[in-house]
>>> print(open('target_26.txt').read())   # compact mmCIF, C-alpha atoms (C1' of nucleotides)
# COMPACT_ATOMS: atom_id res chain seq x y z
CA MET A 1 47.22 -2.56 -1.18
CA ALA A 2 45.28 -5.45 0.30
CA GLY A 3 45.30 -3.90 3.77
CA GLU A 4 44.26 -0.51 2.50
CA SER A 5 41.29 -1.99 0.64
CA LYS A 6 40.11 -3.73 3.77
CA ILE A 7 40.16 -0.52 5.73
CA GLU A 8 38.31 1.32 3.04
CA ILE A 9 35.64 -1.34 2.96
CA VAL A 10 35.27 -1.19 6.72
CA ILE A 11 34.94 2.58 6.57
CA ALA A 12 32.39 2.30 3.78
CA VAL A 13 30.35 -0.23 5.74
CA ILE A 14 30.51 1.92 8.85
CA ALA A 15 29.39 4.90 6.80
CA VAL A 16 26.43 3.06 5.34
CA ILE A 17 25.42 1.65 8.70
CA PHE A 18 25.47 5.01 10.41
CA PHE A 19 23.73 6.66 7.49
CA ILE A 20 20.88 4.18 7.72
CA LEU A 21 20.90 4.51 11.49
CA GLY A 22 20.57 8.27 11.11
CA VAL A 23 17.67 7.96 8.72
CA TYR A 24 15.95 5.37 10.91
CA LEU A 25 16.28 7.19 14.21
CA ASN A 26 15.20 10.42 12.63
CA LYS A 27 12.09 8.87 11.14
CA LYS A 28 11.26 7.30 14.47
CA SER A 29 11.65 10.57 16.34
CA LEU A 30 9.59 12.48 13.82
CA HIS A 31 6.93 9.87 14.19
CA SER A 32 6.79 10.24 17.94
CA GLU A 33 7.20 14.01 17.91
CA LYS A 34 3.85 14.76 16.38
CA PRO A 35 1.12 12.24 16.96
CA SER A 36 -0.79 15.41 17.80
CA ASP A 37 -2.49 15.67 14.44
CA ASN A 38 -5.32 13.44 13.37
CA GLU A 39 -5.17 11.28 16.48
CA ILE A 40 -8.22 10.85 18.65
CA ASP A 41 -7.70 11.39 22.35
CA GLN A 42 -9.94 8.91 24.12
CA SER A 43 -8.94 10.26 27.51
CA GLN A 44 -10.39 13.64 26.56
CA ILE A 45 -13.68 12.01 25.61
CA ASP A 46 -13.82 10.45 29.04
CA ALA A 47 -12.70 13.65 30.71
CA ILE A 48 -15.65 15.66 29.47
CA GLY A 49 -18.00 12.75 30.12
CA LEU A 50 -19.14 12.10 26.57
CA SER A 51 -21.03 8.79 26.36
CA LYS A 52 -20.64 6.30 23.51
CA ARG A 53 -23.89 7.34 21.86
CA GLU A 54 -23.14 11.02 22.25
CA TYR A 55 -19.79 10.56 20.60
CA GLU A 56 -21.40 8.73 17.69
CA VAL A 57 -23.80 11.61 17.26
CA LEU A 58 -20.90 14.07 17.43
CA ILE A 59 -19.18 12.27 14.57
CA GLN A 60 -22.35 12.48 12.50
CA ILE A 61 -22.60 16.20 13.24
CA HIS A 62 -19.00 16.57 12.15
CA LYS A 63 -19.80 14.92 8.84
CA GLY A 64 -22.43 17.55 8.18
CA PHE A 65 -25.63 15.61 8.70
CA SER A 66 -28.93 17.02 9.97
CA ASN A 67 -30.65 15.70 13.07
CA LYS A 68 -33.13 13.84 10.91
CA GLU A 69 -30.37 12.21 8.87
CA ILE A 70 -28.46 11.24 12.00
CA ALA A 71 -31.66 9.69 13.37
CA GLU A 72 -31.97 7.58 10.22
CA HIS A 73 -28.33 6.52 10.29
CA LEU A 74 -28.49 5.39 13.90
CA PHE A 75 -32.09 4.08 13.71
CA LEU A 76 -33.31 6.51 16.34
CA SER A 77 -35.99 9.18 16.55
CA GLU A 78 -35.14 12.80 15.89
CA SER A 79 -36.19 13.54 19.48
CA THR A 80 -33.46 11.31 20.76
CA ILE A 81 -30.89 12.98 18.55
CA LYS A 82 -31.95 16.39 19.83
CA THR A 83 -31.51 15.19 23.37
CA HIS A 84 -28.03 13.88 22.58
CA VAL A 85 -27.08 17.05 20.71
CA SER A 86 -28.18 19.24 23.60
CA ASN A 87 -26.10 17.17 26.00
CA ILE A 88 -23.12 17.31 23.66
CA LEU A 89 -23.38 21.10 23.47
CA VAL A 90 -23.45 21.38 27.25
CA LYS A 91 -20.47 19.07 27.71
CA LEU A 92 -18.46 20.85 25.05
CA ASP A 93 -19.62 24.25 26.27
CA ALA A 94 -20.81 25.16 22.78
CA LYS A 95 -23.79 27.19 21.64
CA ARG A 96 -24.09 25.68 18.18
CA ARG A 97 -23.16 22.41 16.52
CA THR A 98 -20.59 24.18 14.35
CA GLN A 99 -18.90 25.49 17.47
CA ALA A 100 -19.07 22.02 18.98
CA ILE A 101 -17.10 20.72 16.01
CA GLN A 102 -14.40 23.33 16.56
CA LYS A 103 -14.13 22.64 20.27
CA ALA A 104 -14.09 18.89 19.70
CA LYS A 105 -11.19 19.33 17.29
CA ALA A 106 -9.34 21.48 19.79
CA LEU A 107 -9.76 18.70 22.33
CA GLN A 108 -8.50 16.15 19.79
CA ILE A 109 -11.64 14.12 19.99
CA LEU A 110 -12.37 14.68 16.31
CA PRO A 111 -9.90 14.33 13.43
CA SER A 112 -8.58 17.59 12.11
CA MET B 113 49.04 1.74 18.75
CA ALA B 114 49.30 5.27 17.36
CA GLY B 115 48.27 4.07 13.88
CA GLU B 116 45.36 2.12 15.19
CA SER B 117 44.03 5.10 17.09
CA LYS B 118 44.18 7.24 13.98
CA ILE B 119 42.13 4.76 12.04
CA GLU B 120 39.60 4.49 14.81
CA ILE B 121 39.24 8.24 14.92
CA VAL B 122 38.79 8.38 11.18
CA ILE B 123 36.11 5.70 11.37
CA ALA B 124 34.37 7.50 14.20
CA VAL B 125 34.38 10.77 12.29
CA ILE B 126 33.07 9.04 9.18
CA ALA B 127 30.34 7.42 11.27
CA VAL B 128 29.27 10.71 12.78
CA ILE B 129 29.31 12.48 9.44
CA PHE B 130 27.17 9.88 7.75
CA PHE B 131 24.85 9.66 10.71
CA ILE B 132 24.21 13.40 10.51
CA LEU B 133 23.93 13.15 6.76
CA GLY B 134 21.29 10.46 7.15
CA VAL B 135 19.29 12.54 9.59
CA TYR B 136 19.59 15.64 7.43
CA LEU B 137 18.60 14.07 4.14
CA ASN B 138 15.72 12.24 5.77
CA LYS B 139 14.37 15.41 7.33
CA LYS B 140 14.65 17.19 4.01
CA SER B 141 12.78 14.50 2.13
CA LEU B 142 10.02 14.28 4.70
CA HIS B 143 9.61 18.00 4.48
CA SER B 144 9.13 17.98 0.74
CA GLU B 145 6.99 14.87 0.67
CA LYS B 146 3.79 16.31 2.03
CA PRO B 147 3.07 19.98 1.79
CA SER B 148 -0.26 18.78 0.40
CA ASP B 149 -2.31 19.18 3.56
CA ASN B 150 -3.46 22.42 5.05
CA GLU B 151 -2.92 24.43 1.88
CA ILE B 152 -5.71 26.60 0.48
CA ASP B 153 -6.48 26.13 -3.16
CA GLN B 154 -7.32 29.56 -4.53
CA SER B 155 -8.04 28.14 -7.95
CA GLN B 156 -10.86 26.05 -6.46
CA ILE B 157 -12.37 29.15 -4.89
CA ASP B 158 -12.42 30.78 -8.30
CA ALA B 159 -13.66 27.59 -9.96
CA ILE B 160 -16.86 27.45 -7.92
CA GLY B 161 -17.29 31.22 -8.20
CA LEU B 162 -17.03 32.15 -4.53
CA SER B 163 -16.70 35.90 -4.12
CA LYS B 164 -14.37 37.60 -1.63
CA ARG B 165 -17.18 38.39 0.78
CA GLU B 166 -18.67 34.95 0.51
CA TYR B 167 -15.34 33.38 1.30
CA GLU B 168 -14.94 35.60 4.36
CA VAL B 169 -18.35 34.45 5.54
CA LEU B 170 -17.42 30.83 4.88
CA ILE B 171 -14.39 31.19 7.12
CA GLN B 172 -16.57 32.59 9.88
CA ILE B 173 -18.99 29.69 9.46
CA HIS B 174 -16.05 27.32 9.72
CA LYS B 175 -15.02 28.91 13.00
CA GLY B 176 -18.43 28.09 14.43
CA PHE B 177 -20.06 31.51 14.54
CA SER B 178 -23.78 32.22 14.17
CA ASN B 179 -25.15 34.50 11.47
CA LYS B 180 -25.62 37.26 14.02
CA GLU B 181 -22.04 36.95 15.24
CA ILE B 182 -20.69 36.94 11.70
CA ALA B 183 -22.71 40.07 11.00
CA GLU B 184 -21.08 41.78 13.98
CA HIS B 185 -17.59 40.69 13.00
CA LEU B 186 -17.93 41.96 9.44
CA PHE B 187 -20.03 45.01 10.36
CA LEU B 188 -22.97 43.86 8.26
CA SER B 189 -26.64 43.11 8.88
CA GLU B 190 -27.79 39.58 9.59
CA SER B 191 -29.87 39.79 6.41
CA THR B 192 -26.75 40.25 4.37
CA ILE B 193 -25.10 37.31 6.04
CA LYS B 194 -28.12 35.14 5.30
CA THR B 195 -27.91 36.13 1.66
CA HIS B 196 -24.23 35.26 1.55
CA VAL B 197 -24.77 31.98 3.35
CA SER B 198 -27.52 30.95 0.95
CA ASN B 199 -25.28 31.71 -2.02
CA ILE B 200 -22.41 29.78 -0.42
CA LEU B 201 -24.66 26.75 0.08
CA VAL B 202 -25.75 26.84 -3.55
CA LYS B 203 -22.19 27.16 -4.84
CA LEU B 204 -20.93 24.38 -2.61
CA ASP B 205 -24.02 22.27 -3.29
CA ALA B 206 -24.68 21.92 0.43
CA LYS B 207 -27.92 21.80 2.37
CA ARG B 208 -26.53 22.96 5.67
CA ARG B 209 -23.61 25.05 6.86
CA THR B 210 -22.00 22.02 8.48
CA GLN B 211 -22.09 20.23 5.15
CA ALA B 212 -20.66 23.31 3.49
CA ILE B 213 -17.68 23.10 5.84
CA GLN B 214 -17.08 19.49 4.84
CA LYS B 215 -17.34 20.17 1.13
CA ALA B 216 -15.10 23.22 1.42
CA LYS B 217 -12.46 21.10 3.12
CA ALA B 218 -12.73 18.48 0.42
CA LEU B 219 -12.12 21.21 -2.15
CA GLN B 220 -9.12 22.47 -0.15
CA ILE B 221 -10.58 25.91 0.24
CA LEU B 222 -10.62 25.56 4.01
CA PRO B 223 -7.79 24.30 6.22
CA SER B 224 -8.18 20.74 7.37
C1' DA C 225 -32.09 -8.00 42.91
C1' DG C 226 -31.30 -3.13 43.24
C1' DC C 227 -29.00 1.30 41.97
C1' DG C 228 -27.08 4.56 39.00
C1' DT C 229 -26.21 5.82 34.46
C1' DT C 230 -27.31 5.60 29.72
C1' DT C 231 -30.39 5.54 26.15
C1' DT C 232 -34.51 6.40 24.24
C1' DG C 233 -38.51 9.31 23.14
C1' DG C 234 -42.27 12.54 23.72
C1' DT C 235 -44.47 17.46 24.05
C1' DA C 236 -44.09 22.18 23.83
C1' DC C 237 -41.60 26.01 23.06
C1' DT C 238 -37.85 29.54 21.50
C1' DT C 239 -34.18 30.47 18.60
C1' DT C 240 -31.37 30.09 14.63
C1' DA C 241 -30.92 28.82 9.86
C1' DG C 242 -32.22 28.97 5.36
C1' DT C 243 -35.31 30.31 1.09
C1' DA C 244 -37.56 33.46 -1.99
C1' DT C 245 -37.97 37.78 -3.74
C1' DG C 246 -37.05 42.38 -4.59
C1' DA C 247 -34.27 46.31 -4.77
C1' DG C 248 -30.80 50.04 -4.10
C1' DT C 249 -25.77 50.88 -4.03
C1' DA C 250 -20.94 50.00 -5.25
C1' DT C 251 -17.44 48.20 -8.28
C1' DT C 252 -15.48 46.64 -12.13
C1' DT C 253 -14.77 46.04 -16.86
C1' DG C 254 -15.51 46.29 -21.92
C1' DC D 255 -20.37 55.51 -19.88
C1' DA D 256 -22.97 51.49 -19.76
C1' DA D 257 -23.59 46.73 -18.52
C1' DA D 258 -22.48 43.09 -15.66
C1' DT D 259 -21.26 41.60 -11.30
C1' DA D 260 -20.78 42.02 -6.40
C1' DC D 261 -22.50 43.80 -2.17
C1' DT D 262 -25.87 45.38 0.74
C1' DC D 263 -30.40 45.01 3.20
C1' DA D 264 -35.37 44.27 3.86
C1' DT D 265 -39.69 41.48 4.41
C1' DA D 266 -41.96 37.30 4.87
C1' DC D 267 -41.86 32.83 5.16
C1' DT D 268 -40.53 27.63 6.05
C1' DA D 269 -37.42 24.53 8.06
C1' DA D 270 -34.11 23.08 11.16
C1' DA D 271 -31.85 23.47 15.48
C1' DG D 272 -31.87 23.83 20.19
C1' DT D 273 -34.00 24.09 25.19
C1' DA D 274 -36.73 22.48 29.03
C1' DC D 275 -38.97 19.02 31.22
C1' DC D 276 -40.53 14.63 31.86
C1' DA D 277 -40.51 9.60 31.86
C1' DA D 278 -39.89 4.75 30.62
C1' DA D 279 -36.80 1.09 29.10
C1' DA D 280 -32.21 -0.77 28.93
C1' DC D 281 -27.51 -1.47 30.78
C1' DG D 282 -23.84 -2.14 33.89
C1' DC D 283 -22.20 -3.10 38.10
C1' DT D 284 -22.12 -4.51 43.02
>>> encode(input="target_26.txt", output="structure tokens")
Amino acid sequence: MAGESKIEIVIAVIAVIFFILGVYLNKKSLHSEKPSDNEIDQSQIDAIGLSKREYEVLIQIHKGFSNKEIAEHLFLSESTIKTHVSNILVKLDAKRRTQAIQKAKALQILPS
Amino acid sequence: MAGESKIEIVIAVIAVIFFILGVYLNKKSLHSEKPSDNEIDQSQIDAIGLSKREYEVLIQIHKGFSNKEIAEHLFLSESTIKTHVSNILVKLDAKRRTQAIQKAKALQILPS
DNA sequence: AGCGTTTTGGTACTTTAGTATGAGTATTTG
DNA sequence: CAAATACTCATACTAAAGTACCAAAACGCT
């Protein structure tokens, strides 16, 4: 009786340990399987040659602001914003700001 | 010796079973935890009074197309698209199409 | 200090977006 | 069927976006 109980306890402990291990490892793998969504890929930003300022403007575009509003937010003139936007469009190979948003998302440089 | 082996095998089997159980249950719970994202809320579309056509145009806007391109895709005139876009902006309380995209996402009527 | 890139900004221009208004044609629904 | 709603399209306009070109100031790095 005493021996049997010991074995059962050992089995129970083993069961719990491996159950937790299973949950833990699974959670870890799921976490590393898809960092694809919502993560910003800095290497892509560098790859297409987007400057710091240009990226800031891109984020403002993404949020739906006009050139004038972006200028106010960043304390710049609208001319400067237009220059940045034009450069962003060239680097993202986009014809419009809405298309730039799409391409930026595809490149993981903007949150989806 | 023979008895000990049996016990070890039993423990090993128990361990494997509970390990798999842990992985399985964890995967199941993670799957049911967040189906929240990326789902389109039809009730919201109705709530703001977006018509079928208007919603189709909104999707095209979201994809980054110009009014002219949208007109071609839906076999309509650019004038018609402009009318739809204007109505969409009013219903979404947006000043620009980029802002409309943002608001539409917030309302879950466009995929994030 | 000097060089290259970035950032800033201007002018002038073209294109796209968006508004206002009106109106004819479906489509649906009481 | 009649009325309301949705869909279509046009004209004329204003506003915003985008392009092209130039140039000075600011940074970063060697």
>>> residues_near_point(input="target_26.txt", point="(-21.7, 22.0, 25.4)", cutoff="12 Å", atoms="all atoms listed in the file", output="PyMOL selection string")
(chain A and resi 48-50+54+58+84-104) or (chain D and resi 272)
>>> interface_residues(input="target_26.txt", of="chain D", to="chain B", cutoff="10 Å", atoms="only C-alpha atoms (C1' of nucleotides)", output="CSV table (one decimal) with C-alpha atoms (C1' of nucleotides), keeping the file's coordinate frame")
chain,number,residue,atom,x,y,z
D,260,DA,C1',-20.8,42.0,-6.4
D,261,DC,C1',-22.5,43.8,-2.2
D,262,DT,C1',-25.9,45.4,0.7
D,263,DC,C1',-30.4,45.0,3.2
D,264,DA,C1',-35.4,44.3,3.9
D,270,DA,C1',-34.1,23.1,11.2
>>> closest_residue(input="target_26.txt", among="B:Glu184, B:Asn150, B:Leu219, B:Val169", to="chain A", atoms="only C-alpha atoms")
B:Asn150
>>> closest_residue(input="target_26.txt", among="B:Ala159, B:Ile173, B:Ala183, B:Ala218", to="chain A", atoms="only C-alpha atoms")
B:Ile173
>>> atom_distance(input="target_26.txt", atom1="atom C1' of D:DT273", atom2="atom C1' of C:DG234")
14.3 Å
>>> closest_atom_pairs(input="target_26.txt", of="chain C", to="chain A", cutoff="10 Å", atoms="only C-alpha atoms (C1' of nucleotides)", output="CSV")
residue,atom,partner,partner_atom,distance
C:DT230,C1',A:Ser51,CA,7.8
C:DT231,C1',A:Arg53,CA,8.0
C:DT232,C1',A:Thr80,CA,6.1
C:DG233,C1',A:Thr80,CA,5.9
C:DG234,C1',A:Ser79,CA,7.5
C:DT240,C1',A:Arg96,CA,9.2
>>> axis_aligned_box(input="target_26.txt", around="stretch 186-199 of chain B", padding_each_side="8 Å", output="lines of an AutoDock Vina configuration file")
center_x = -23.9
center_y = 38.0
center_z = 4.2
size_x = 27.9
size_y = 30.1
size_z = 28.4
>>> closest_residue(input="target_26.txt", among="D:DA271, D:DG282, D:DA266, D:DT259", to="C:DT245", atoms="all atoms listed in the file")
D:DA266
>>> residues_around(input="target_26.txt", residues="D:DA257", least_positions_apart="5", cutoff="12 Å", atoms="all atoms listed in the file", output="list in words")
DT252, DT253 and DG254 of chain C
>>> atom_distance(input="target_26.txt", atom1="atom C1' of C:DG228", atom2="atom C1' of D:DC276")
18.3 Å
>>> closest_residue(input="target_26.txt", among="A:Asp46, A:Asp41, A:Glu69, A:Glu56", to="chain B", atoms="all atoms listed in the file")
A:Glu69
>>> atom_distance(input="target_26.txt", atom1="atom CA of A:Lys105", atom2="atom CA of B:His174")
12.0 Å
>>> residues_around(input="target_26.txt", residues="B:Ile152", least_positions_apart="6", cutoff="9 Å", atoms="only C-alpha atoms (C1' of nucleotides)", output="PDB file with C-alpha atoms, keeping the file's coordinate frame")
ATOM      1  CA  LEU B 219     -12.120  21.210  -2.150  1.00  0.00           C
ATOM      2  CA  GLN B 220      -9.120  22.470  -0.150  1.00  0.00           C
ATOM      3  CA  ILE B 221     -10.580  25.910   0.240  1.00  0.00           C
ATOM      4  CA  LEU B 222     -10.620  25.560   4.010  1.00  0.00           C
ATOM      5  CA  PRO B 223      -7.790  24.300   6.220  1.00  0.00           C
TER       6      PRO B 223
END
>>> closest_residue(input="target_26.txt", among="A:Ile59, A:Glu39, A:Phe75, A:Gly64", to="chain B", atoms="all atoms listed in the file")
A:Gly64
>>> closest_residue(input="target_26.txt", among="B:Gln172, B:Ser155, B:Phe177, B:His185", to="chain A", atoms="all atoms listed in the file")
B:Phe177
